[in-house]
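Report on one structure; see the data block that follows.
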Number of protein chains: 2
Amino acid sequence: MSKKQTIHVLGSGLVGSLLSIILAQKGFQVELYEARPDMRRADISGGRSINLVVTDRGLNALDRAGLRDKVMEIATPMKGRMLHDIKGETTFVPYGQKDNEVINAVSRGDLNCLLMDEAEARGDINIHFEKRCTGYDIKTKMLSFNDSEHVQTDIVMGADGAFSALRKAMLDQVMNFDYAQSFLDSGYKELVIPAGENGAFLMDDASLHIWPRGQYMLIAIPNIDCSFTCTLFFPFEGEESFAALKTTEDAAAFFKKTFPDALEIIPTLAEEFANNPVGSLVTVKCNPWHVDGQALLIGDAAHAIVPFFGQGMNCGFEDCRVLDDLLSGPDADWEAVFAAFNQERKANTDAIADMAIENYTEMRATTADPKFQLKKRVGFELEKRFPDRFIPRYSMVMFHPDMPYAEAKRLSEMQNEILNQLCVNITQPEDVDWTEAERLLVRK
Amino acid sequence: MSKKQTIHVLGSGLVGSLLSIILAQKGFQVELYEARPDMRRADISGGRSINLVVTDRGLNALDRAGLRDKVMEIATPMKGRMLHDIKGETTFVPYGQKDNEVINAVSRGDLNCLLMDEAEARGDINIHFEKRCTGYDIKTKMLSFNDSEHVQTDIVMGADGAFSALRKAMLDQVMNFDYAQSFLDSGYKELVIPAGENGAFLMDDASLHIWPRGQYMLIAIPNIDCSFTCTLFFPFEGEESFAALKTTEDAAAFFKKTFPDALEIIPTLAEEFANNPVGSLVTVKCNPWHVDGQALLIGDAAHAIVPFFGQGMNCGFEDCRVLDDLLSGPDADWEAVFAAFNQERKANTDAIADMAIENYTEMRATTADPKFQLKKRVGFELEKRFPDRFIPRYSMVMFHPDMPYAEAKRLSEMQNEILNQLCVNITQPEDVDWTEAERLLVRK
């Protein structure tokens with residue numbers, strides 16, 4: 001038997017770990033390099049969001065590694081959004097109409113540990129920790145780690161995240177490389193709602209909780225230990241902003257005024273507000289994603305997106321599924337595979353990037369708007385009456401994993417025009433002119 | 001008298017040289033660093049376009065240095081576009097309706113030499129050649145040149161072009177730095193139409209010549225030595241592309257078929273096509289343009305644009321004029337000046353960047369379209385009849401230098417809708433319904 005081809009993968013995060021398993025299954029030896037220490041032995045959150053949502057696209061990719069069930073064991077299903085108004089009153093808006101139309105909260109750390117354990121258990125994947133990639137020379141195919149260590153590569157794949165070192169090497173060395181990084185005017189800070197006295201959830205655990213306040217919002221996602229992870233998405237600058245809340249007293253007063261019901265169940269607000277960092281929210285687009293048949297960007301390294309559609313990891317996992325489809329076995333024509341991957345994924349990752357930003361506006365502002373809730377309900381009714389002709393955007397992204405993101409975006413833009421027409425003069429779904437609705441849907 | 005504050009300027013190109021003169025006039029000592037050798041002593045074209053267009057915005061900025069007349073002495077005015085069809089037949093489309101509505105061709109090299117001569121003649125500007133900036137440390141304000149030489153700065157301004165080293169330092173070191181570089185699918189190659197036998201121009205010298213061919217075009221701009229500089233803008237890849245023209249015979253056959261009248265007067269086509277490089281066309285947008293009050297990007301370094309509106313240099317010169325307005329004297333509050341400059345210029349440079357790309361489509365495709373020529377003529381007639389209410393986009397950009405680019409873009413988009421309405425069913429300007437035209441213009 002001939003020696004296996006070795007692939008060097010950068011980043012043992014969620015995408016890098018799953019990618020390594022899929023590559024190993026195809027018959028490759030994988031050397032996986034991770035900048036940080038082994039998170040299974042050190043407590044590091046790395047400043048990243050500490051829980052995530054796994055949806056059908058991600059689960060379909062996990063199927064390729066036989067890991068759906070193991071992941072679902074550590075997940076908490078959420079059936080809809082629980083909207084909290086300024087008086088603390090709540091409204092539940094379901095994500096879908098069917099029982100299986102749920103999204104699943106999972107701890108980033110737990111999921112990553114699971115994937116690394118699975119990768120290492122195979123025997124054909126070696127994870128090298130505390131090896132930060134600091135360069136890649138395209139001409140010599142030499143990777144540098146920690147500035148001074150060098151590794152000769154044949155094939156390298158960068159799953160090294162939004163601030164990818166491999167992408168930086170491409171930005172510096174590839175002619176006519178299109179690149180864009182764009183930051184939102186808001187950042188985020190994480191806070192904790194602990195479990196209640198008897199280890200019970202202090203709010204409904206089958207919901208993603210949102211306190212939408214127009215230019216900003218607080219959200220809370222359940223954890224399996226019955227706590228919630230809260231995230232405040234908030235402008236960096238301005239009258240109501242991180243810059244304006246200078247002291248812990250300012251923060252407490254702001255929460256009392258704006259999120260009174262949340263404040264009651266965040267006992268450590270002052271300490272967390274003072275100590276937890278403010279994270280940035282970046283969108284990265286670039287092209288091409290590969291250098292001939294020698295280097296490939298994947299996941300956030302190729303297309304970092306903001307978290308408001310819960311699709312960052314799912315989209316990166318979908319990358320792995322698509323690459324799995326394109327790889328027949330250990331004799332890959334890498335240049336053709338990379339070009340086909342780039343071609344198939346680029347329009348779709350651009351689409352989810354744009355939809356994720358649009359969802360930020362929806363979540364922080366319009367979810368609290370009666371018109372928004374009316375449109376959601378009319379959308380569900382249209383889906384019920386005309387299931388072949390109308391699927392809400394959220395459902396297409398979350399519950400129709402075979403529909404490409406770009407197609408979901410295109411269809412939902414057409415549907416939104418129809419929804420606007422149908423809802424223009426009504427206040428409840430019962431008032432919709434269903435004959436007109438059918439006419440509009442057939443015409444589109 | 002207290003010692004003058006020193007400003008370090010990167011790049012002695014067109015913008016860097018004019019900027020240095022304006023800063024010196026305000027009472028600063030300027031140390032100007034240029035990566036290349038002194039072009040007045042070495043023959044270097046640097047792969048950049050070798051002629052340019054100076055328009056009113058650029059001339060207004062040159063006024064600040066008292067250099068308008070000197071520049072006009074080396075310029076060749078052009079009154080309009082001469083369109084060459086595939087049979088070699090020509091149509092002249094004027095740029096404006098007034099005698100002074102002309103644009104002025106000038107050699108990049110001649111203009112740059114003039115500006116460097118003027119800068120050095122002052123005595124308070126030192127140009128340091130062959131000093132390539134290779135780094136800037138934001139914390140220590142230390143500039144590096146040629147990797148090993150270091151210069152401590154107080155204020156640094158990067159006029160170091162589309163691939164600015166100062167901007168790269170900001171991309172690497174500034175948190176939440178928005179950045180985008182985007183390349184067109186076409187590149188360009190320069191060719192020469194020499195002067196005729198008696199030193200006369202071989203085509204009309206008061207025109208910018210265009211051979212529009214849909215997906216590509218050839219243009220020619222007159223030089224003061226009675227030659228023309230031709231530029232072929234052409235896709236990199238595809239059926240008709242640089243990649244497809246593999247031999248000089250391919251190139252000659254392509255020119256014979258596509259630009260037959262041009263081929264007759266480009267005797268050195270084969271040699272030039274083989275030897276001249278293919279340049280890229282990049283748009284760069286970024287934000288912010290400054291680091292506190294210590295570093296500023298200006299000109300292409302802040303906002304590189306494609307050349308199709310002839311505004312790259314004019315926009316960079318306009319930067320200098322705006323900075324001149326914002327600087328009262330040698331006691332500048334740099335942070336306030338830089339922030340105000342960034343604020344005033346960003347929307348305008350974004351607008352000209354977008355309009356320059358739109359003009360590419362217009363020049364290569366629609367200038368040959370009868371509808372385009374009809375709209376141009378109707379636009380001129382509207383301007384004549386309603387001079388306070390209608391000014392064509394081209395005229396606003398070229399001949400109304402006090403109108404901000406963003407305003408020119410906004411107004412022209414509204415006007416274009418009106419033009420489309422007026423031209424929908426007509427074939428000649430005489431058929432326009434002028435009552436309707438006035439109604440539409442008053443309403444807008």
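Chain labels follow the order of the structure tokens: the first chain is A, the next B, and so on; residue numbering restarts at 1 in every chain, and ligands are counted from 1 in their shown order.
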
**Asked** Counting only C-alpha atoms, which residues from chain B have an atom at most 10 Å from any atom of chain A, and could you show them as a PyMOL selection string?
**Response** chain B and resi 168+171-172+175-185+280-287

Writing out the chosen residues with C-alpha atoms as a compact mmCIF listing (two decimals), in the first residue's frame:
```txt
# COMPACT_ATOMS: atom_id res chain seq x y z
CA LYS B 168 -1.19 47.85 5.51
CA LEU B 171 -4.95 46.90 8.57
CA ASP B 172 -2.63 44.84 10.77
CA MET B 175 -9.01 47.34 15.74
CA ASN B 176 -12.23 47.25 13.73
CA PHE B 177 -10.58 48.60 10.56
CA ASP B 178 -12.97 48.30 7.62
CA TYR B 179 -11.12 47.35 4.46
CA ALA B 180 -12.02 46.26 0.94
CA GLN B 181 -9.91 45.71 -2.15
CA SER B 182 -11.73 44.64 -5.27
CA PHE B 183 -10.26 43.91 -8.71
CA LEU B 184 -12.04 44.17 -12.04
CA ASP B 185 -12.10 41.08 -14.25
CA SER B 280 -4.73 45.37 -12.78
CA LEU B 281 -7.62 47.70 -11.95
CA VAL B 282 -8.34 47.88 -8.24
CA THR B 283 -10.83 49.74 -6.09
CA VAL B 284 -9.82 50.18 -2.44
CA LYS B 285 -12.12 51.43 0.30
CA CYS B 286 -11.24 51.60 3.96
CA ASN B 287 -12.21 53.32 7.18
```

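Here chain A has been superposed onto chain B using all C-alpha atoms in order, and the two differ by 0.0 Å RMSD.
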
**Prompt:** Could you name the residues that touch segment 256-263 of chain A at 10 Å or less, counting only C-alpha atoms, but leaving out those on the same chain fewer than 6 positions away, as a list in words?
**Reply:** His84, Asp85, Ile86, Lys87, Gly88, Glu89, Ile193, Met203, Trp211, Pro212, Arg213, Met217, Leu218, Ile219, Ala220, Cys230, Asp250 and Leu269 of chain A

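You will find atom CA of Gly279 of chain B at 25.5 Å from atom CA of Asp205 of chain B.
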
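Using only C-alpha atoms, the contacts of Phe163 of chain B at a cut-off of 7 Å, with sequence neighbours closer than 2 positions omitted, comprise Gly161, Ala165 and Ala301 of chain B.
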
For segment 153-197 of chain A against segment 8-17 of chain A, with a cut-off of 10 Å and counting only C-alpha atoms, what is the closest atom pair and its distance in Å to one decimal for every residue that makes the cut, ordered by chain and number, as a Markdown table?
```
| residue | atom | partner | partner_atom | distance |
| --- | --- | --- | --- | --- |
| A:Thr153 | CA | A:His8 | CA | 6.7 |
| A:Asp154 | CA | A:His8 | CA | 7.9 |
| A:Ile155 | CA | A:His8 | CA | 6.2 |
| A:Val156 | CA | A:His8 | CA | 4.7 |
| A:Met157 | CA | A:Val9 | CA | 4.8 |
| A:Gly158 | CA | A:Leu10 | CA | 4.8 |
| A:Ala159 | CA | A:Gly16 | CA | 5.0 |
| A:Asp160 | CA | A:Gly11 | CA | 4.4 |
| A:Gly161 | CA | A:Gly11 | CA | 7.4 |
| A:Ser164 | CA | A:Leu10 | CA | 8.8 |
| A:Ala165 | CA | A:Leu10 | CA | 8.8 |
| A:Leu166 | CA | A:Leu10 | CA | 8.2 |
```

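For the atom pair formed by atom CA of Arg64 of chain B and atom CA of Tyr394 of chain B, the distance is 24.4 Å, given to one decimal.
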
**Message:** I want to know what sits within 9 Å of Arg132 of chain A, based on only C-alpha atoms, with residues of the same chain fewer than 3 positions away left out; could you give that as a ChimeraX atom specification?
**Reply:** /A:10-11,33-36,129,144-147,165

**Request:** Identify all residues of segment 1-131 of chain A in alpha helix (DSSP H) (DSSP on the backbone) and supply them as an NGL selection string.
**Result:** :A and (14-25 or 56-64 or 68-73 or 108-122)

**Message:** I'd like the contact shell of Asn420 of chain A - 12 Å cut-off, only C-alpha atoms, skipping same-chain residues fewer than 6 positions apart - returned as JSON, numbers by chain.
**Reply:** {"A": [371, 372, 374, 375, 376, 378, 379, 412, 413, 414, 426, 432, 437, 440]}

**Selection near Gly196 of chain A, 8 Å with only C-alpha atoms, sequence-local residues under 5 positions removed, as number ranges by chain** = A: 201-202, 226-227

**Item:** Secondary structure check, strand (DSSP E) residues of segment 114-354 of chain A, as a ChimeraX atom specification
**Value:** /A:125-128,133-137,142-145,149-152,155-158,178-183,186-193,207-212,217-222,228-235,282-287,290-291,295-297

**Item:** Nearest to Pro77 of chain A by atom-to-atom distance, counting only C-alpha atoms, from A:Glu271, A:Asp204, A:Glu31, A:Asp431
**Value:** A:Asp204

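Counting from atom CA of Glu272 of chain B, the distance to atom CA of Glu197 of chain B is 20.5 Å.
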